[in-house]
Amino acid sequence: MNEIRDLIVGIDFEKEKTQMSFYDRKAQEPRSVSMKVGADLFEIPTMLCKRTTQGDYCVGIEAEYFAKEQSGILLDNLYEISKSRQTVQVGSEILEPWELLAAYIKGMLKYLGIMDTVKNTKCLAICTPELTGIQVENLQQACAAAGFDRDKFLLMDYGESFFHYVMGQKGETWNRSVAWYAFETKKVLYRKMSMNSGSSQTLVHLEPAVEIELPEEAGERDDRFSRFVAETMGTGLFSSVQITGEGFSQDWAKNSVRILCFQKRKVYYGNNLFSRGACYGARDKAEGRKTKGYRYISESMVRTNIGMEMRVMGAPAYHSLITAGKNWYDSKASCEFLLDDVQDLVFVVSDMEKNDKRHMVMPLPGLPKRPNKTTRLRLEMEYVSAAECKIMVQDLGFGDLFPSSRKVWKETVNWQEVKQ
């Protein structure tokens, strides 16, 4: 490894195995991290083991060894634990899911072979097949417990990781549509990445997945997959085809490969796409890149700009609270202000893909009557899903003259449903 500080790291965390990459600035691309000195071992089982004699944790193949040979306490369902709020008993301890995930993250980072990894990491990205609200909570708390400030880590699902990976390649591999075949043992899923040029940026979409079951017998498997490729891609113009997962092999895909390569399409197959994609995403965040003017529109993305019209230094101004284009779990805001001849809050709402502007009024029933500009409020906003935003307003009063009433107003809003 030629990087020892300002590390940019991507981790692919899934049910069966975990992989990790770091960004090699000299080569300007991610490099997979081997999990065993002197060997090309880039995947380890997603397992955590509490070593009873030392009282610490180890991960992967070490976890398997210590559980088997030295009676360690093995947790081989860590991915399922990440999706739950249920506490876990580990020996005599009762631990929260995020505590176990923090131990796993720190165990993974040890494979980088760098002293004080957290201090020397500029950005860590963790990607998973999907991201539920509970997973987001657990992984955010785990990263914080591992020592990462909020601006030093990010989370993403496989779809977003795929986008970052593709955009990290040469332009000729993505300047048209990109096909993605994700293999599992007995099935394959197809998704198409397409681009729509706008006035200021190009919006990138991943179409909903289409899947089929695959037979086990090689000839039948090749025949069924060949027909599936013809059905999904047809004679369309594709810059490249990306194949991920276990279950694909050129040993059986004789006719399939010929159809995949139709019109000289470039076909790529590998099992480290997602850790590398996460790494590219971490690089873009750490270096403030805009991904070549392209914006990925994911199911997790907030598509609404939220703000308020205020007076700043005596002049009318628009104050932005939440900007569209971020994932819901990264979208929150807070501010304090004085009410000026109003008793309600009015939010300005606009869609990122439409030229519209709407207003949403939030009443504050029971607000104490005070002279103008002597009611100070604190506003906090936080998304709880891609559609719903939780709003909390707290009366702070105005110093000793008008003490706080301690009133709090709460509301959950779906901005897409707000009408003019």
# chains A, B, ... in the order shown; residues from 1 in each chain; ligands from 1
call {"tool": "select_by_dssp", "arguments": {"residues": "region 32-119 of chain A", "states": "helix (DSSP H, G or I)", "output": "PyMOL selection string"}}
result
chain A and resi 60-69+78-82+97-112
call {"tool": "write_last_selection", "arguments": {"atoms": "C-alpha atoms", "output": "PDB file, in the first residue's frame"}}
result
ATOM      1  CA  GLY A  60     -13.340 -13.109   9.066  1.00  0.00           C
ATOM      2  CA  ILE A  61     -11.092 -16.175   8.874  1.00  0.00           C
ATOM      3  CA  GLU A  62      -9.599 -15.303  12.269  1.00  0.00           C
ATOM      4  CA  ALA A  63     -13.099 -15.321  13.715  1.00  0.00           C
ATOM      5  CA  GLU A  64     -13.669 -18.800  12.293  1.00  0.00           C
ATOM      6  CA  TYR A  65     -10.352 -20.042  13.700  1.00  0.00           C
ATOM      7  CA  PHE A  66     -10.762 -18.704  17.232  1.00  0.00           C
ATOM      8  CA  ALA A  67     -14.356 -19.912  17.435  1.00  0.00           C
ATOM      9  CA  LYS A  68     -13.326 -23.417  16.369  1.00  0.00           C
ATOM     10  CA  GLU A  69      -9.946 -23.806  18.069  1.00  0.00           C
ATOM     11  CA  LEU A  78     -23.784 -10.051  11.581  1.00  0.00           C
ATOM     12  CA  TYR A  79     -25.599  -8.804   8.489  1.00  0.00           C
ATOM     13  CA  GLU A  80     -28.965  -9.823   9.953  1.00  0.00           C
ATOM     14  CA  ILE A  81     -27.964  -8.207  13.243  1.00  0.00           C
ATOM     15  CA  SER A  82     -27.339  -4.954  11.332  1.00  0.00           C
ATOM     16  CA  PRO A  97     -26.250  -4.187  17.237  1.00  0.00           C
ATOM     17  CA  TRP A  98     -24.244  -1.028  16.552  1.00  0.00           C
ATOM     18  CA  GLU A  99     -21.670  -1.987  19.187  1.00  0.00           C
ATOM     19  CA  LEU A 100     -20.988  -5.259  17.370  1.00  0.00           C
ATOM     20  CA  LEU A 101     -20.860  -3.469  14.027  1.00  0.00           C
ATOM     21  CA  ALA A 102     -18.342  -0.983  15.440  1.00  0.00           C
ATOM     22  CA  ALA A 103     -16.130  -3.892  16.508  1.00  0.00           C
ATOM     23  CA  TYR A 104     -16.452  -5.365  13.019  1.00  0.00           C
ATOM     24  CA  ILE A 105     -15.549  -2.101  11.282  1.00  0.00           C
ATOM     25  CA  LYS A 106     -12.465  -1.661  13.485  1.00  0.00           C
ATOM     26  CA  GLY A 107     -11.501  -5.291  12.831  1.00  0.00           C
ATOM     27  CA  MET A 108     -11.788  -4.782   9.075  1.00  0.00           C
ATOM     28  CA  LEU A 109      -9.700  -1.611   9.107  1.00  0.00           C
ATOM     29  CA  LYS A 110      -6.821  -3.476  10.795  1.00  0.00           C
ATOM     30  CA  TYR A 111      -6.241  -5.257   7.474  1.00  0.00           C
ATOM     31  CA  LEU A 112      -5.010  -1.974   6.037  1.00  0.00           C
TER      32      LEU A 112
END
call {"tool": "residues_around", "arguments": {"residues": "region 412-416 of chain A", "least_positions_apart": "4", "cutoff": "12 Å", "atoms": "only C-alpha atoms", "output": "ChimeraX atom specification"}}
result
/A:302-307,322,324,347-354,356-362,380-393,420
call {"tool": "closest_residue", "arguments": {"among": "A:Val204, A:Cys49, A:Ile44, A:Leu7", "to": "Ser71 (chain A)", "atoms": "only C-alpha atoms"}}
result
A:Cys49
call {"tool": "atom_distance", "arguments": {"atom1": "CA of Phe248 (chain A)", "atom2": "CA of Phe13 (chain A)"}}
result
20.9 Å
call {"tool": "atom_distance", "arguments": {"atom1": "CA of Arg5 (chain A)", "atom2": "CA of Cys127 (chain A)"}}
result
22.1 Å
call {"tool": "residues_around", "arguments": {"residues": "Leu41 (chain A)", "least_positions_apart": "5", "cutoff": "12 Å", "atoms": "only C-alpha atoms", "output": "PDB file with C-alpha atoms, in the first residue's frame"}}
result
ATOM      1  CA  LYS A  17     -18.759 -12.088   2.800  1.00  0.00           C
ATOM      2  CA  THR A  18     -17.039  -8.733   3.123  1.00  0.00           C
ATOM      3  CA  GLN A  19     -14.481  -7.021   0.896  1.00  0.00           C
ATOM      4  CA  MET A  20     -12.470  -3.826   1.248  1.00  0.00           C
ATOM      5  CA  SER A  32      -8.576  -4.447  -3.281  1.00  0.00           C
ATOM      6  CA  VAL A  33      -7.104  -5.228   0.131  1.00  0.00           C
ATOM      7  CA  SER A  34      -5.910  -8.779   0.740  1.00  0.00           C
ATOM      8  CA  MET A  35      -7.138 -10.254   4.010  1.00  0.00           C
ATOM      9  CA  LYS A  36      -4.135 -12.543   4.340  1.00  0.00           C
ATOM     10  CA  GLY A  60     -13.340 -13.109   9.066  1.00  0.00           C
ATOM     11  CA  ILE A  61     -11.092 -16.175   8.874  1.00  0.00           C
ATOM     12  CA  TYR A 111      -6.241  -5.257   7.474  1.00  0.00           C
ATOM     13  CA  ASN A 272     -15.002  -6.589  -6.315  1.00  0.00           C
TER      14      ASN A 272
END
call {"tool": "atom_distance", "arguments": {"atom1": "CA of Thr53 (chain A)", "atom2": "CA of Gln141 (chain A)"}}
result
27.3 Å
call {"tool": "select_by_dssp", "arguments": {"residues": "region 127-283 of chain A", "states": "strand (DSSP E)", "output": "number ranges by chain"}}
result
A: 127-128, 153-157, 177-183, 187-197, 202-206, 210-213, 238-245, 266-269
call {"tool": "closest_residue", "arguments": {"among": "A:Thr117, A:Ser84, A:Thr375, A:Ser161", "to": "Asp344 (chain A)", "atoms": "only C-alpha atoms"}}
result
A:Thr375
call {"tool": "closest_residue", "arguments": {"among": "A:Gln169, A:Gln250, A:Ser405, A:Thr121", "to": "Phe22 (chain A)", "atoms": "only C-alpha atoms"}}
result
A:Thr121
call {"tool": "residues_around", "arguments": {"residues": "Glu220 (chain A)", "least_positions_apart": "4", "cutoff": "12 Å", "atoms": "only C-alpha atoms", "output": "list in words"}}
result
Glu213, Leu214, Pro215, Glu216, Arg224, Phe225, Ser226, Arg227, Trp252, Ala253, Lys254, Asn255 and Ser256 of chain A
call {"tool": "residues_around", "arguments": {"residues": "Thr244 (chain A)", "least_positions_apart": "4", "cutoff": "8 Å", "atoms": "only C-alpha atoms", "output": "list in words"}}
result
Trp180, Tyr181, Ala182, Phe183, Tyr269, Gly270, Asn271 and Leu273 of chain A
call {"tool": "closest_residue", "arguments": {"among": "A:Asp116, A:Glu231, A:Glu14, A:Glu160", "to": "Met193 (chain A)", "atoms": "only C-alpha atoms"}}
result
A:Glu160
call {"tool": "closest_residue", "arguments": {"among": "A:Ile212, A:Met301, A:Gly10, A:Phe162", "to": "Thr323 (chain A)", "atoms": "only C-alpha atoms"}}
result
A:Met301
